[in-house]
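Raw upload-v8.pdb, PDB, C-alpha atoms:
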ATOM      1  CA  VAL A   7     -24.867  37.909 139.690
ATOM      2  CA  THR A   8     -25.031  34.123 139.585
ATOM      3  CA  ASN A   9     -26.088  32.192 136.515
ATOM      4  CA  ILE A  10     -29.310  30.674 137.853
ATOM      5  CA  ALA A  11     -32.757  30.371 136.293
ATOM      6  CA  GLY A  12     -34.212  32.878 138.764
ATOM      7  CA  ASN A  13     -31.974  35.659 137.472
ATOM      8  CA  GLN A  14     -33.704  36.924 134.343
ATOM      9  CA  ASP A  15     -33.912  40.252 132.550
ATOM     10  CA  GLY A  16     -35.661  42.718 134.867
ATOM     11  CA  THR A  17     -35.154  40.683 138.055
ATOM     12  CA  THR A  18     -34.443  42.912 141.082
ATOM     13  CA  LEU A  19     -31.864  41.674 143.589
ATOM     14  CA  SER A  20     -31.264  43.171 147.009
ATOM     15  CA  ASN A  21     -28.630  42.711 149.686
ATOM     16  CA  SER A  22     -28.356  43.921 153.254
ATOM     17  CA  ALA A  23     -25.550  43.732 155.787
ATOM     18  CA  THR A  24     -26.086  42.964 159.455
ATOM     19  CA  ALA A  25     -23.639  43.684 162.258
ATOM     20  CA  GLY A  26     -24.036  42.038 165.653
ATOM     21  CA  TRP A  27     -22.513  42.650 169.038
ATOM     22  CA  THR A  28     -23.170  41.725 172.628
ATOM     23  CA  GLY A  29     -26.535  43.155 173.391
ATOM     24  CA  GLY A  30     -27.688  44.126 169.884
ATOM     25  CA  THR A  31     -27.627  44.055 166.072
ATOM     26  CA  GLU A  32     -27.892  46.590 163.282
ATOM     27  CA  THR A  33     -29.065  45.899 159.711
ATOM     28  CA  SER A  34     -28.347  48.259 156.845
ATOM     29  CA  ASP A  35     -30.837  49.445 154.288
ATOM     30  CA  PRO A  36     -30.841  47.067 151.292
ATOM     31  CA  ALA A  37     -28.771  47.818 148.232
ATOM     32  CA  THR A  38     -30.598  46.798 145.061
ATOM     33  CA  LEU A  39     -29.712  46.062 141.466
ATOM     34  CA  THR A  40     -31.638  45.031 138.360
ATOM     35  CA  VAL A  41     -30.544  42.169 136.093
ATOM     36  CA  ASP A  42     -30.060  43.282 132.486
ATOM     37  CA  GLU A  43     -29.726  40.868 129.555
ATOM     38  CA  PRO A  44     -29.154  41.208 125.794
ATOM     39  CA  ALA A  45     -32.365  40.899 123.755
ATOM     40  CA  LEU A  46     -30.993  39.554 120.477
ATOM     41  CA  THR A  47     -33.388  38.220 117.831
ATOM     42  CA  VAL A  48     -32.871  36.241 114.632
ATOM     43  CA  THR A  49     -35.267  36.152 111.673
ATOM     44  CA  LYS A  50     -35.011  33.756 108.709
ATOM     45  CA  ASN A  51     -36.883  34.202 105.402
ATOM     46  CA  VAL A  52     -36.821  32.580 101.966
ATOM     47  CA  SER A  53     -37.647  34.196  98.627
ATOM     48  CA  SER A  54     -40.434  31.708  97.875
ATOM     49  CA  ALA A  55     -42.452  29.489 100.193
ATOM     50  CA  SER A  56     -42.993  26.972  97.404
ATOM     51  CA  GLY A  57     -40.784  25.549  94.675
ATOM     52  CA  ASP A  58     -39.743  22.644  92.503
ATOM     53  CA  GLY A  59     -36.487  20.975  91.551
ATOM     54  CA  GLY A  60     -34.224  23.400  89.669
ATOM     55  CA  ASP A  61     -35.737  26.568  91.158
ATOM     56  CA  GLN A  62     -33.298  29.260  92.351
ATOM     57  CA  ILE A  63     -33.937  30.511  95.902
ATOM     58  CA  THR A  64     -32.532  33.201  98.189
ATOM     59  CA  TYR A  65     -32.402  32.937 101.974
ATOM     60  CA  THR A  66     -32.214  36.082 104.138
ATOM     61  CA  ILE A  67     -31.122  36.121 107.794
ATOM     62  CA  GLU A  68     -31.396  39.158 110.083
ATOM     63  CA  VAL A  69     -29.755  39.366 113.509
ATOM     64  CA  SER A  70     -30.851  42.343 115.638
ATOM     65  CA  ASN A  71     -30.149  43.786 119.075
ATOM     66  CA  PRO A  72     -32.658  46.506 120.089
ATOM     67  CA  ALA A  73     -31.470  49.964 121.063
ATOM     68  CA  ASP A  74     -32.955  49.572 124.561
ATOM     69  CA  SER A  75     -31.041  46.307 125.107
ATOM     70  CA  ILE A  76     -27.391  45.870 126.167
ATOM     71  CA  ASP A  77     -24.396  44.626 124.190
ATOM     72  CA  ALA A  78     -24.148  40.885 123.456
ATOM     73  CA  TYR A  79     -20.771  39.133 123.220
ATOM     74  CA  ASP A  80     -19.190  36.186 121.410
ATOM     75  CA  VAL A  81     -22.097  36.143 118.940
ATOM     76  CA  SER A  82     -22.099  33.353 116.350
ATOM     77  CA  LEU A  83     -24.574  32.757 113.531
ATOM     78  CA  TYR A  84     -24.822  29.234 112.091
ATOM     79  CA  ASP A  85     -26.771  27.952 109.097
ATOM     80  CA  TYR A  86     -26.721  24.329 107.976
ATOM     81  CA  VAL A  87     -27.839  24.401 104.337
ATOM     82  CA  PRO A  88     -30.330  21.525 103.884
ATOM     83  CA  ALA A  89     -29.391  18.572 101.700
ATOM     84  CA  GLU A  90     -32.293  19.375  99.365
ATOM     85  CA  VAL A  91     -30.663  22.693  98.395
ATOM     86  CA  VAL A  92     -27.498  22.943  96.289
ATOM     87  CA  TYR A  93     -25.622  25.863  97.842
ATOM     88  CA  ASP A  94     -24.131  28.489  95.501
ATOM     89  CA  THR A  95     -20.515  28.559  96.671
ATOM     90  CA  GLY A  96     -19.419  32.021  97.759
ATOM     91  CA  SER A  97     -22.936  33.461  97.961
ATOM     92  CA  PHE A  98     -23.054  33.787 101.779
ATOM     93  CA  SER A  99     -22.539  37.503 102.381
ATOM     94  CA  ASN A 100     -23.294  40.372 104.743
ATOM     95  CA  THR A 101     -25.623  42.558 102.662
ATOM     96  CA  SER A 102     -26.217  45.328 105.213
ATOM     97  CA  GLY A 103     -25.736  46.356 108.820
ATOM     98  CA  LEU A 104     -23.048  45.409 111.320
ATOM     99  CA  ALA A 105     -20.178  43.618 109.586
ATOM    100  CA  PRO A 106     -18.996  40.405 111.258
ATOM    101  CA  ASP A 107     -15.445  39.900 112.483
ATOM    102  CA  SER A 108     -15.251  36.710 110.435
ATOM    103  CA  THR A 109     -17.279  34.461 108.119
ATOM    104  CA  SER A 110     -16.826  30.927 106.809
ATOM    105  CA  GLU A 111     -18.646  28.437 104.590
ATOM    106  CA  ASP A 112     -16.272  25.520 104.152
ATOM    107  CA  PRO A 113     -16.708  23.203 105.920
ATOM    108  CA  MET A 114     -20.376  23.740 106.663
ATOM    109  CA  PRO A 115     -22.194  25.233 108.457
ATOM    110  CA  LEU A 116     -22.249  28.782 107.142
ATOM    111  CA  ASN A 117     -20.940  30.927 109.972
ATOM    112  CA  ALA A 118     -20.557  34.578 110.947
ATOM    113  CA  SER A 119     -19.076  35.792 114.246
ATOM    114  CA  TRP A 120     -18.884  39.044 116.205
ATOM    115  CA  SER A 121     -16.854  39.580 119.381
ATOM    116  CA  VAL A 122     -19.446  42.212 120.374
ATOM    117  CA  PHE A 123     -22.899  42.954 118.953
ATOM    118  CA  PRO A 124     -23.803  46.421 120.292
ATOM    119  CA  ALA A 125     -27.300  47.425 121.317
ATOM    120  CA  GLY A 126     -29.055  49.157 118.422
ATOM    121  CA  SER A 127     -27.294  47.051 115.785
ATOM    122  CA  THR A 128     -28.672  44.882 112.979
ATOM    123  CA  SER A 129     -26.829  42.601 110.554
ATOM    124  CA  VAL A 130     -28.373  41.072 107.423
ATOM    125  CA  PHE A 131     -27.028  38.080 105.495
ATOM    126  CA  GLN A 132     -28.116  36.383 102.291
ATOM    127  CA  PHE A 133     -27.168  33.257 100.391
ATOM    128  CA  THR A 134     -28.534  31.528  97.317
ATOM    129  CA  GLY A 135     -28.992  27.991  96.103
ATOM    130  CA  THR A 136     -30.947  25.714  93.801
ATOM    131  CA  ILE A 137     -33.579  23.185  94.852
ATOM    132  CA  SER A 138     -32.210  19.724  94.089
ATOM    133  CA  GLY A 139     -33.711  17.811  91.197
ATOM    134  CA  THR A 140     -34.079  14.791  93.494
ATOM    135  CA  ILE A 141     -36.737  16.513  95.610
ATOM    136  CA  GLU A 142     -40.043  14.644  95.700
ATOM    137  CA  ALA A 143     -43.497  16.129  95.284
ATOM    138  CA  GLY A 144     -45.045  17.055  98.612
ATOM    139  CA  ASP A 145     -41.730  17.344 100.469
ATOM    140  CA  THR A 146     -40.987  20.269 102.785
ATOM    141  CA  ILE A 147     -37.494  21.762 102.935
ATOM    142  CA  TYR A 148     -36.578  23.079 106.391
ATOM    143  CA  ASN A 149     -33.702  25.464 107.039
ATOM    144  CA  ASP A 150     -32.755  26.911 110.451
ATOM    145  CA  ALA A 151     -30.680  29.928 111.384
ATOM    146  CA  ILE A 152     -29.085  29.534 114.841
ATOM    147  CA  VAL A 153     -27.519  32.291 116.954
ATOM    148  CA  LYS A 154     -25.513  31.751 120.149
ATOM    149  CA  PHE A 155     -24.058  34.471 122.384
ATOM    150  CA  THR A 156     -22.788  35.235 125.890
ATOM    151  CA  SER A 157     -23.381  37.893 128.536
ATOM    152  CA  LEU A 158     -19.776  39.050 128.973
ATOM    153  CA  PRO A 159     -16.757  39.638 126.729
ATOM    154  CA  GLY A 160     -13.922  37.151 126.476
ATOM    155  CA  THR A 161     -13.729  33.414 126.903
ATOM    156  CA  PRO A 162     -16.459  32.133 129.281
ATOM    157  CA  GLY A 163     -15.116  31.152 132.679
ATOM    158  CA  SER A 164     -15.599  31.226 136.442
ATOM    159  CA  ARG A 165     -16.013  34.671 138.012
ATOM    160  CA  SER A 166     -15.500  33.579 141.616
ATOM    161  CA  ALA A 167     -13.835  30.763 143.513
ATOM    162  CA  TYR A 168     -16.662  30.781 146.058
ATOM    163  CA  ASN A 169     -19.607  29.818 143.849
ATOM    164  CA  ALA A 170     -19.561  27.529 140.812
ATOM    165  CA  LEU A 171     -22.547  29.409 139.376
ATOM    166  CA  ALA A 172     -20.654  32.694 139.356
ATOM    167  CA  TYR A 173     -20.298  32.188 135.610
ATOM    168  CA  GLU A 174     -21.377  34.223 132.619
ATOM    169  CA  ARG A 175     -24.514  33.095 130.785
ATOM    170  CA  THR A 176     -23.963  31.307 127.463
ATOM    171  CA  GLY A 177     -25.899  29.304 124.898
ATOM    172  CA  ASN A 178     -24.461  25.952 126.011
ATOM    173  CA  GLU A 179     -26.311  23.929 128.648
ATOM    174  CA  SER A 180     -23.114  22.001 129.395
ATOM    175  CA  ASP A 181     -21.660  25.159 130.996
ATOM    176  CA  PRO A 182     -22.245  25.935 134.703
ATOM    177  CA  GLY A 183     -25.877  26.975 135.107
ATOM    178  CA  SER A 184     -27.218  24.180 132.888
ATOM    179  CA  THR A 185     -30.617  25.164 131.430
ATOM    180  CA  ALA A 186     -30.159  28.772 132.573
ATOM    181  CA  ASN A 187     -27.782  29.049 129.599
ATOM    182  CA  ASP A 188     -30.565  29.966 127.205
ATOM    183  CA  TYR A 189     -28.631  32.298 124.896
ATOM    184  CA  THR A 190     -29.484  30.235 121.823
ATOM    185  CA  LEU A 191     -31.935  31.541 119.221
ATOM    186  CA  THR A 192     -33.442  29.705 116.245
ATOM    187  CA  ASP A 193     -35.701  30.702 113.376
ATOM    188  CA  SER A 194     -36.760  28.550 110.442
ATOM    189  CA  ALA A 195     -37.775  29.063 106.810
ATOM    190  CA  GLU A 196     -39.711  26.409 104.896
ATOM    191  CA  ILE A 197     -40.243  25.599 101.230
ATOM    192  CA  ASP A 198     -43.102  23.332 100.185
ATOM    193  CA  THR A 199     -42.853  21.429  96.919
ATOM    194  CA  GLY A 200     -46.001  21.128  94.847
ATOM    195  CA  ILE A 201     -48.132  18.028  94.453
ATOM    196  CA  PRO A 202     -49.292  17.432  90.827
ATOM    197  CA  THR A 203     -53.042  17.618  90.181
ATOM    198  CA  LEU A 204     -55.113  16.161  87.355
ATOM    199  CA  ASP A 205     -57.835  18.055  85.509
ATOM    200  CA  LYS A 206     -59.943  15.853  83.235
ATOM    201  CA  GLN A 207     -61.733  17.803  80.483
ATOM    202  CA  SER A 208     -65.074  16.688  79.046
ATOM    203  CA  PRO A 209     -65.265  16.006  75.266
ATOM    204  CA  ALA A 210     -66.428  18.814  73.010
ATOM    205  CA  SER A 211     -69.656  16.951  72.278
ATOM    206  CA  ALA A 212     -71.866  14.980  74.605
ATOM    207  CA  THR A 213     -72.597  12.229  72.023
ATOM    208  CA  TYR A 214     -70.398  10.322  69.593
ATOM    209  CA  THR A 215     -70.900   7.555  67.033
ATOM    210  CA  ILE A 216     -68.801   4.399  67.112
ATOM    211  CA  GLY A 217     -65.527   5.199  65.345
ATOM    212  CA  ASP A 218     -65.704   8.962  66.003
ATOM    213  CA  GLU A 219     -62.555  10.708  67.250
ATOM    214  CA  LEU A 220     -63.026  12.422  70.604
ATOM    215  CA  VAL A 221     -61.866  16.020  70.879
TER     216      VAL A 221
END
Would you mind writing the structure in this file as structure tokens?
Amino acid sequence: VTNIAGNQDGTTLSNSATAGWTGGTETSDPATLTVDEPALTVTKNVSSASGDGGDQITYTIEVSNPADSIDAYDVSLYDYVPAEVVYDTGSFSNTSGLAPDSTSEDPMPLNASWSVFPAGSTSVFQFTGTISGTIEAGDTIYNDAIVKFTSLPGTPGSRSAYNALAYERTGNESDPGSTANDYTLTDSAEIDTGIPTLDKQSPASATYTIGDELV
């Protein structure tokens, strides 16, 4: 199955063979197959959608592969902690679900990897940090979780010498197939910082004499 944009999950492909001879031809009934693709998802949440400098926050990331999907391979989760958040070193951890083969946090980004992510599996990660004291009122802090994966196990490579697009699907458009390599997922969590408001109170009395103290 070639790595072209027309081959998507659920696409039906058919192939027939034709034999010819002097005086006639014969064509076989078509053999058909259905393209099947992993249906991974990634969800990113934050403990509070608003905050100020010095506030402690917790990010949660969930990677899932539905039971009615197929296995995904070479799965990598990346998270670039935003500059406005001071990351709590060592807090990036797998809190439930499918354990990764490896994790790393130094150097950034935060990363977790699985050689195979079976259908019906979910993996949840969390990490904590503190909103920087240099944040300005009205700013929005954006943080993305990115997942990349492939359609087959092992290092991506050519599957046939006869067609350059006989190549597994990946999350890198620089690989054969170009934009058909859409195995990249992103979800974002945002934190809005508050804008101060003023509330002017009226004096206790409506009239005052010159020299009176206003309360």
For Ala186 of chain A, please output as a list in words all residues within 9 Å (counting all atoms listed in the file; exclusion window: fewer than 2 positions along the same chain).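 These residues fall inside the cut-off: Asn9, Ile10, Ala11, Gly12, Asn13, Arg175, Thr176, Gly177, Glu179, Pro182, Gly183, Ser184, Asp188 and Tyr189 of chain A.
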At a cut-off of 12 Å around the point (-25.5, 48.6, 135.4) (file coordinates), what residues fall inside when counting only C-alpha atoms? I'd like the answer as a list of chain:residue names. A:Val7, A:Gly16, A:Thr38, A:Leu39, A:Thr40, A:Val41, A:Asp42, A:Glu43, A:Ser75, A:Ile76, A:Asp77
Thr109 of chain A environment, 12 Å, only C-alpha atoms, sequence neighbours closer than 4 positions dropped, as a list in words: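 My reading of the contact set: Val81, Ser82, Leu83, Tyr84, Asp85, Gly96, Ser97, Phe98, Ser99, Asn100, Ala105, Pro113, Met114, Pro115, Leu116, Asn117, Ala118, Ser119, Trp120 and Phe131 of chain A.
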Hits from the PyMOL selection byres ((chain A and resi 79) around 6), listed as a PyMOL selection string: chain A and resi 78+80-81+121-122+155-156+158-159
Using only C-alpha atoms, find the one residue out of A:Ala55, A:Ala125, A:Ile63, A:Val48 that sits nearest to Ile137 of chain A.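 Closest to Ile137 of chain A, using only C-alpha atoms: A:Ile63.
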Expansion of the PyMOL selection byres ((chain A and resi 46) around 8) into residues, as a PyMOL selection string: chain A and resi 44-45+47-48+69-72+78
So that I can see what lies close to Thr49 of chain A, please list as an NGL selection string the residues with an atom at most 8 Å from it, counting only C-alpha atoms and leaving out residues fewer than 6 positions away in the same chain. :A and (67-69 or 151 or 193-194)
How would the residues just picked look written out with C-alpha atoms as a JSON list (two decimals), in the coordinates of the input?
[["chain", "number", "residue", "atom", "x", "y", "z"],
["A", 67, "ILE", "CA", -31.12, 36.12, 107.79],
["A", 68, "GLU", "CA", -31.40, 39.16, 110.08],
["A", 69, "VAL", "CA", -29.76, 39.37, 113.51],
["A", 151, "ALA", "CA", -30.68, 29.93, 111.38],
["A", 193, "ASP", "CA", -35.70, 30.70, 113.38],
["A", 194, "SER", "CA", -36.76, 28.55, 110.44]]
Quick check on the file I pasted: which residues fall under the PyMOL selection byres ((chain A and resi 136) around 6)? Write them as a list in words.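 Applied to this file, the PyMOL selection byres ((chain A and resi 136) around 6) returns Gly60, Asp61, Gln62, Val91, Val92, Gly135 and Ile137 of chain A.
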When distances are computed from only C-alpha atoms, which of A:Tyr86, A:Trp27, A:Tyr173, A:Phe133 shows the smallest separation from Thr8 of chain A?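 Comparing A:Tyr86, A:Trp27, A:Tyr173, A:Phe133 against Thr8 of chain A, the winner is A:Tyr173.
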Report the distance between atom CA of Ala170 of chain A and atom CA of Asp15 of chain A in Å, rounded to one decimal place.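 Between atom CA of Ala170 of chain A and atom CA of Asp15 of chain A the gap works out to 20.9 Å.
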Considering only C-alpha atoms, state which residue in the set A:Asp35, A:Asp107, A:Asp150, A:Asp205 is at the smallest distance from Asn21 of chain A.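 Going through A:Asp35, A:Asp107, A:Asp150, A:Asp205 one by one, the smallest distance to Asn21 of chain A is for A:Asp35.
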Just to confirm, what's the straight-line distance from atom CA of Thr66 of chain A to atom CA of Gly103 of chain A in Å (one decimal)? 13.0 Å
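In this model, the gap between atom CA of Ser20 of chain A and atom CA of Pro124 of chain A comes to 27.9 Å.
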From the list A:Gly30, A:Asn149, A:Val52, A:Thr101, which residue is nearest Ala89 of chain A when using only C-alpha atoms?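 Closest to Ala89 of chain A of all the choices is A:Asn149.
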Around all of segment 69-74 of chain A's listed atoms, make the axis-aligned box with 5 Å on each side and tell me centre and edge lengths in Å to one decimal, as AutoDock Vina command-line options.
--center_x -31.4 --center_y 44.7 --center_z 119.0 --size_x 13.2 --size_y 20.6 --size_z 21.1
When distances are computed from all atoms listed in the file, which of A:Ala37, A:Thr192, A:Gly200, A:Leu19 shows the smallest separation from Ile152 of chain A?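 Looking at the shortest contact to Ile152 of chain A, the residue is A:Thr192.
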